[in-house]
file query-v6.txt (compact mmCIF, N, CA and C atoms)
# COMPACT_ATOMS: atom_id res chain seq x y z
N MET A 1 -95.10 43.15 -67.75
CA MET A 1 -96.32 42.45 -67.44
C MET A 1 -96.57 41.40 -68.51
N SER A 2 -97.13 40.29 -68.12
CA SER A 2 -97.44 39.21 -69.04
C SER A 2 -98.85 38.72 -68.78
N GLU A 3 -99.60 38.50 -69.84
CA GLU A 3 -100.98 38.03 -69.72
C GLU A 3 -101.18 36.80 -70.58
N ILE A 4 -102.14 35.97 -70.19
CA ILE A 4 -102.56 34.83 -71.00
C ILE A 4 -103.99 35.10 -71.44
N TYR A 5 -104.23 34.93 -72.73
CA TYR A 5 -105.53 35.23 -73.32
C TYR A 5 -106.05 33.95 -73.99
N ASP A 6 -107.14 33.41 -73.49
CA ASP A 6 -107.72 32.17 -74.00
C ASP A 6 -108.69 32.50 -75.13
N LEU A 7 -108.30 32.18 -76.34
CA LEU A 7 -109.13 32.44 -77.51
C LEU A 7 -109.59 31.13 -78.16
N ARG A 8 -109.50 30.04 -77.40
CA ARG A 8 -109.91 28.74 -77.93
C ARG A 8 -111.40 28.76 -78.23
N GLY A 9 -111.77 28.12 -79.34
CA GLY A 9 -113.16 28.06 -79.75
C GLY A 9 -113.57 29.16 -80.71
N LEU A 10 -112.72 30.18 -80.87
CA LEU A 10 -113.02 31.29 -81.80
C LEU A 10 -112.35 31.04 -83.14
N ASN A 11 -113.02 31.38 -84.21
CA ASN A 11 -112.46 31.20 -85.54
C ASN A 11 -112.16 32.54 -86.19
N CYS A 12 -111.33 32.48 -87.22
CA CYS A 12 -110.91 33.63 -88.00
C CYS A 12 -112.12 34.49 -88.38
N PRO A 13 -112.03 35.78 -88.19
CA PRO A 13 -110.88 36.60 -87.82
C PRO A 13 -110.84 36.97 -86.33
N LEU A 14 -111.72 36.39 -85.52
CA LEU A 14 -111.83 36.83 -84.12
C LEU A 14 -110.54 36.73 -83.31
N PRO A 15 -109.74 35.65 -83.42
CA PRO A 15 -108.51 35.64 -82.61
C PRO A 15 -107.60 36.85 -82.86
N VAL A 16 -107.43 37.22 -84.12
CA VAL A 16 -106.56 38.36 -84.43
C VAL A 16 -107.22 39.67 -83.98
N LEU A 17 -108.50 39.81 -84.21
CA LEU A 17 -109.18 41.05 -83.81
C LEU A 17 -109.13 41.25 -82.30
N LYS A 18 -109.38 40.19 -81.54
CA LYS A 18 -109.34 40.29 -80.08
C LYS A 18 -107.92 40.49 -79.57
N THR A 19 -106.95 39.88 -80.24
CA THR A 19 -105.55 40.07 -79.86
C THR A 19 -105.14 41.51 -80.08
N ARG A 20 -105.52 42.07 -81.22
CA ARG A 20 -105.19 43.48 -81.52
C ARG A 20 -105.77 44.40 -80.45
N LYS A 21 -107.02 44.18 -80.09
CA LYS A 21 -107.67 45.03 -79.08
C LYS A 21 -106.99 44.89 -77.72
N ARG A 22 -106.65 43.68 -77.33
CA ARG A 22 -105.98 43.46 -76.03
C ARG A 22 -104.61 44.13 -76.02
N LEU A 23 -103.86 44.00 -77.11
CA LEU A 23 -102.52 44.61 -77.17
C LEU A 23 -102.60 46.14 -77.11
N GLN A 24 -103.64 46.73 -77.67
CA GLN A 24 -103.78 48.19 -77.65
C GLN A 24 -103.85 48.72 -76.21
N ALA A 25 -104.37 47.91 -75.32
CA ALA A 25 -104.52 48.33 -73.92
C ALA A 25 -103.28 48.04 -73.08
N MET A 26 -102.26 47.43 -73.70
CA MET A 26 -101.06 47.05 -72.97
C MET A 26 -99.95 48.06 -73.21
N THR A 27 -98.89 47.95 -72.41
CA THR A 27 -97.74 48.84 -72.50
C THR A 27 -96.66 48.21 -73.38
N VAL A 28 -95.93 49.04 -74.11
CA VAL A 28 -94.82 48.55 -74.93
C VAL A 28 -93.88 47.72 -74.05
N GLY A 29 -93.51 46.54 -74.53
CA GLY A 29 -92.64 45.64 -73.79
C GLY A 29 -93.39 44.54 -73.05
N ASP A 30 -94.69 44.73 -72.84
CA ASP A 30 -95.51 43.68 -72.22
C ASP A 30 -95.62 42.49 -73.16
N THR A 31 -95.87 41.31 -72.60
CA THR A 31 -96.07 40.14 -73.43
C THR A 31 -97.48 39.60 -73.24
N LEU A 32 -98.01 39.07 -74.33
CA LEU A 32 -99.33 38.48 -74.34
C LEU A 32 -99.21 37.07 -74.91
N THR A 33 -99.64 36.09 -74.14
CA THR A 33 -99.69 34.71 -74.61
C THR A 33 -101.12 34.44 -75.02
N ILE A 34 -101.30 34.01 -76.26
CA ILE A 34 -102.64 33.66 -76.72
C ILE A 34 -102.69 32.17 -77.03
N GLU A 35 -103.82 31.58 -76.71
CA GLU A 35 -104.07 30.18 -77.00
C GLU A 35 -105.30 30.11 -77.89
N THR A 36 -105.18 29.40 -79.02
CA THR A 36 -106.27 29.36 -79.99
C THR A 36 -106.40 27.98 -80.61
N THR A 37 -107.61 27.65 -80.99
CA THR A 37 -107.88 26.40 -81.71
C THR A 37 -108.13 26.67 -83.19
N ASP A 38 -108.07 27.92 -83.60
CA ASP A 38 -108.31 28.29 -85.00
C ASP A 38 -107.18 27.74 -85.86
N PRO A 39 -107.48 26.86 -86.85
CA PRO A 39 -106.42 26.28 -87.67
C PRO A 39 -105.68 27.31 -88.52
N LEU A 40 -106.28 28.45 -88.80
CA LEU A 40 -105.61 29.48 -89.59
C LEU A 40 -104.71 30.39 -88.76
N ALA A 41 -104.74 30.23 -87.45
CA ALA A 41 -103.94 31.10 -86.58
C ALA A 41 -102.44 31.01 -86.88
N SER A 42 -101.98 29.84 -87.30
CA SER A 42 -100.55 29.68 -87.58
C SER A 42 -100.10 30.58 -88.73
N ILE A 43 -101.03 31.02 -89.55
CA ILE A 43 -100.73 31.96 -90.64
C ILE A 43 -101.11 33.38 -90.21
N ASP A 44 -102.29 33.51 -89.63
CA ASP A 44 -102.83 34.84 -89.31
C ASP A 44 -102.07 35.58 -88.23
N VAL A 45 -101.69 34.90 -87.15
CA VAL A 45 -101.04 35.59 -86.03
C VAL A 45 -99.65 36.12 -86.42
N PRO A 46 -98.78 35.32 -87.07
CA PRO A 46 -97.49 35.89 -87.50
C PRO A 46 -97.67 37.06 -88.48
N ALA A 47 -98.64 36.95 -89.38
CA ALA A 47 -98.89 38.04 -90.33
C ALA A 47 -99.37 39.30 -89.60
N PHE A 48 -100.24 39.12 -88.63
CA PHE A 48 -100.72 40.25 -87.83
C PHE A 48 -99.55 40.93 -87.10
N CYS A 49 -98.68 40.13 -86.49
CA CYS A 49 -97.54 40.71 -85.76
C CYS A 49 -96.64 41.52 -86.70
N ALA A 50 -96.37 40.96 -87.87
CA ALA A 50 -95.52 41.67 -88.84
C ALA A 50 -96.19 42.96 -89.30
N GLU A 51 -97.48 42.90 -89.54
CA GLU A 51 -98.21 44.06 -90.04
C GLU A 51 -98.32 45.17 -89.00
N ASP A 52 -98.57 44.78 -87.74
CA ASP A 52 -98.75 45.78 -86.68
C ASP A 52 -97.46 46.14 -85.95
N GLY A 53 -96.36 45.46 -86.27
CA GLY A 53 -95.07 45.79 -85.69
C GLY A 53 -94.78 45.17 -84.34
N HIS A 54 -95.54 44.15 -83.96
CA HIS A 54 -95.28 43.46 -82.70
C HIS A 54 -94.27 42.34 -82.94
N ARG A 55 -93.65 41.88 -81.88
CA ARG A 55 -92.63 40.82 -81.99
C ARG A 55 -93.22 39.49 -81.56
N LEU A 56 -93.20 38.51 -82.46
CA LEU A 56 -93.66 37.17 -82.14
C LEU A 56 -92.50 36.44 -81.49
N LEU A 57 -92.59 36.22 -80.17
CA LEU A 57 -91.50 35.60 -79.42
C LEU A 57 -91.48 34.09 -79.57
N SER A 58 -92.66 33.48 -79.65
CA SER A 58 -92.71 32.03 -79.85
C SER A 58 -94.05 31.63 -80.43
N SER A 59 -94.01 30.50 -81.11
CA SER A 59 -95.19 29.90 -81.71
C SER A 59 -95.04 28.40 -81.55
N GLU A 60 -96.04 27.77 -80.94
CA GLU A 60 -95.93 26.32 -80.77
C GLU A 60 -97.28 25.65 -80.92
N VAL A 61 -97.22 24.42 -81.42
CA VAL A 61 -98.41 23.60 -81.52
C VAL A 61 -98.64 22.96 -80.16
N VAL A 62 -99.84 23.08 -79.65
CA VAL A 62 -100.21 22.46 -78.38
C VAL A 62 -101.44 21.59 -78.64
N GLU A 63 -101.78 20.78 -77.68
CA GLU A 63 -102.93 19.90 -77.85
C GLU A 63 -104.17 20.69 -78.23
N GLY A 64 -104.70 20.41 -79.40
CA GLY A 64 -105.92 21.06 -79.85
C GLY A 64 -105.75 22.42 -80.51
N GLY A 65 -104.52 22.92 -80.62
CA GLY A 65 -104.37 24.23 -81.24
C GLY A 65 -102.95 24.77 -81.22
N HIS A 66 -102.85 26.07 -81.00
CA HIS A 66 -101.57 26.78 -81.02
C HIS A 66 -101.47 27.71 -79.81
N ARG A 67 -100.22 28.00 -79.46
CA ARG A 67 -99.93 29.00 -78.42
C ARG A 67 -98.89 29.95 -79.00
N PHE A 68 -99.16 31.23 -78.86
CA PHE A 68 -98.25 32.27 -79.35
C PHE A 68 -97.91 33.21 -78.21
N VAL A 69 -96.67 33.65 -78.17
CA VAL A 69 -96.25 34.68 -77.22
C VAL A 69 -95.83 35.90 -78.03
N ILE A 70 -96.50 37.01 -77.76
CA ILE A 70 -96.30 38.24 -78.52
C ILE A 70 -95.82 39.34 -77.59
N GLU A 71 -94.79 40.06 -78.01
CA GLU A 71 -94.33 41.23 -77.28
C GLU A 71 -94.88 42.48 -77.95
N LYS A 72 -95.54 43.32 -77.17
CA LYS A 72 -96.08 44.56 -77.74
C LYS A 72 -94.93 45.50 -78.07
N ARG A 73 -95.00 46.02 -79.26
CA ARG A 73 -94.04 47.03 -79.70
C ARG A 73 -94.80 48.31 -80.00
N GLY A 74 -94.07 49.40 -80.07
CA GLY A 74 -94.67 50.70 -80.32
C GLY A 74 -95.20 50.79 -81.69

call {"tool": "encode", "arguments": {"input": "query-v6.txt", "output": "structure tokens"}}
result
Amino acid sequence: MSEIYDLRGLNCPLPVLKTRKRLQAMTVGDTLTIETTDPLASIDVPAFCAEDGHRLLSSEVVEGGHRFVIEKRG
């Protein structure tokens, strides 16, 4: 399963906190695409994935922000 989560307009730490909560409700192997305008997300999201053991599949700069694709891991 794959979901898109629009977190544009939210600032640190809300994108990471909301991403963590959404991933908790997902199944291992599912992917979550998040879109954010938070300028610190390029640092915070990869650090969150490493800390919580999720796999960051992609990170890209998009108009007005960033898009990340995260695979939930156990």

call {"tool": "atom_distance", "arguments": {"input": "query-v6.txt", "atom1": "atom N of A:Glu51", "atom2": "atom CA of A:Glu63"}}
result
26.4 Å

call {"tool": "atom_distance", "arguments": {"input": "query-v6.txt", "atom1": "atom CA of A:Gly64", "atom2": "atom CA of A:Gly29"}}
result
28.6 Å

call {"tool": "closest_residue", "arguments": {"input": "query-v6.txt", "among": "A:Thr19, A:Ser59, A:Asn11, A:Gln24", "to": "A:Thr37", "atoms": "only N, CA and C atoms"}}
result
A:Asn11

call {"tool": "axis_aligned_box", "arguments": {"input": "query-v6.txt", "around": "stretch 49-59 of chain A", "padding_each_side": "3 Å", "output": "JSON"}}
result
{"center_x": -95.1, "center_y": 37.3, "center_z": -84.7, "size_x": 13.3, "size_y": 23.7, "size_z": 16.6}

call {"tool": "select_by_dssp", "arguments": {"input": "query-v6.txt", "residues": "chain A", "states": "strand (DSSP E or B)", "output": "list in words"}}
result
Ser2, Glu3, Ile4, Tyr5, Asp6, Thr31, Leu32, Thr33, Ile34, Glu35, Thr36, Arg55, Leu56, Leu57, Ser58, Ser59, Glu60, Val61, Val62, Gly65, His66, Arg67, Phe68, Val69, Ile70 and Glu71 of chain A

call {"tool": "closest_residue", "arguments": {"input": "query-v6.txt", "among": "A:Ala50, A:Leu14, A:Val61, A:Met1", "to": "A:Val28", "atoms": "all atoms listed in the file"}}
result
A:Met1

call {"tool": "atom_distance", "arguments": {"input": "query-v6.txt", "atom1": "atom C of A:Pro13", "atom2": "atom N of A:His54"}}
result
17.1 Å

call {"tool": "select_by_dssp", "arguments": {"input": "query-v6.txt", "residues": "chain A", "states": "helix (DSSP H, G or I)", "output": "PyMOL selection string"}}
result
chain A and resi 14-24+41-52

call {"tool": "closest_residue", "arguments": {"input": "query-v6.txt", "among": "A:Thr31, A:Arg67, A:Arg55, A:Ala25", "to": "A:Arg8", "atoms": "only C-alpha atoms"}}
result
A:Arg67

call {"tool": "decode", "arguments": {"input": "query-v6.txt", "residues": "stretch 3-74 of chain A", "atoms": "C-alpha atoms", "output": "CSV table (one decimal), in the first residue's frame"}}
result
chain,number,residue,atom,x,y,z
A,3,GLU,CA,-0.2,6.8,0.7
A,4,ILE,CA,0.5,10.5,0.0
A,5,TYR,CA,0.5,12.7,3.1
A,6,ASP,CA,0.3,16.5,2.5
A,7,LEU,CA,2.2,18.3,5.3
A,8,ARG,CA,2.7,21.5,3.4
A,9,GLY,CA,2.4,24.6,5.6
A,10,LEU,CA,3.5,22.8,8.8
A,11,ASN,CA,6.8,23.6,10.5
A,12,CYS,CA,9.2,21.7,12.6
A,13,PRO,CA,8.6,19.4,14.5
A,14,LEU,CA,5.1,18.8,13.1
A,15,PRO,CA,6.0,17.1,9.8
A,16,VAL,CA,8.1,14.5,11.6
A,17,LEU,CA,5.6,14.0,14.4
A,18,LYS,CA,2.7,13.5,12.0
A,19,THR,CA,4.8,11.2,9.8
A,20,ARG,CA,5.7,9.0,12.8
A,21,LYS,CA,2.1,8.7,13.8
A,22,ARG,CA,0.9,7.9,10.2
A,23,LEU,CA,3.7,5.3,9.8
A,24,GLN,CA,2.7,3.6,13.1
A,25,ALA,CA,-0.7,2.8,11.6
A,26,MET,CA,0.8,1.3,8.5
A,27,THR,CA,2.0,-2.2,7.7
A,28,VAL,CA,5.7,-3.1,7.3
A,29,GLY,CA,6.6,-2.7,3.6
A,30,ASP,CA,4.0,0.0,3.0
A,31,THR,CA,5.3,3.3,1.5
A,32,LEU,CA,4.4,6.8,2.6
A,33,THR,CA,5.1,9.9,0.4
A,34,ILE,CA,5.2,13.1,2.3
A,35,GLU,CA,5.2,16.6,0.9
A,36,THR,CA,6.4,19.4,3.1
A,37,THR,CA,7.3,23.1,2.8
A,38,ASP,CA,9.3,23.0,6.1
A,39,PRO,CA,12.9,24.1,5.2
A,40,LEU,CA,14.3,21.8,7.9
A,41,ALA,CA,12.7,18.7,6.6
A,42,SER,CA,15.7,17.9,4.4
A,43,ILE,CA,17.6,17.3,7.6
A,44,ASP,CA,14.8,16.2,9.9
A,45,VAL,CA,13.1,13.5,7.8
A,46,PRO,CA,16.3,11.5,6.9
A,47,ALA,CA,17.4,11.7,10.6
A,48,PHE,CA,13.9,10.5,11.7
A,49,CYS,CA,14.1,7.5,9.3
A,50,ALA,CA,17.5,6.5,10.5
A,51,GLU,CA,16.4,6.8,14.1
A,52,ASP,CA,13.2,4.9,13.8
A,53,GLY,CA,14.6,2.3,11.3
A,54,HIS,CA,12.5,3.2,8.3
A,55,ARG,CA,13.9,3.3,4.8
A,56,LEU,CA,14.1,6.6,2.9
A,57,LEU,CA,13.5,5.6,-0.7
A,58,SER,CA,13.8,9.0,-2.2
A,59,SER,CA,14.2,12.7,-1.4
A,60,GLU,CA,13.6,15.4,-3.9
A,61,VAL,CA,13.2,19.1,-4.0
A,62,VAL,CA,9.9,20.1,-5.5
A,63,GLU,CA,8.3,23.5,-6.1
A,64,GLY,CA,8.0,25.2,-2.7
A,65,GLY,CA,9.4,22.3,-0.7
A,66,HIS,CA,10.4,18.7,-0.5
A,67,ARG,CA,8.9,15.3,-1.3
A,68,PHE,CA,10.1,12.1,0.5
A,69,VAL,CA,9.1,8.5,0.0
A,70,ILE,CA,9.5,6.4,3.1
A,71,GLU,CA,9.2,2.6,3.4
A,72,LYS,CA,7.9,1.4,6.8
A,73,ARG,CA,10.2,-1.0,8.4
A,74,GLY,CA,9.7,-3.1,11.6
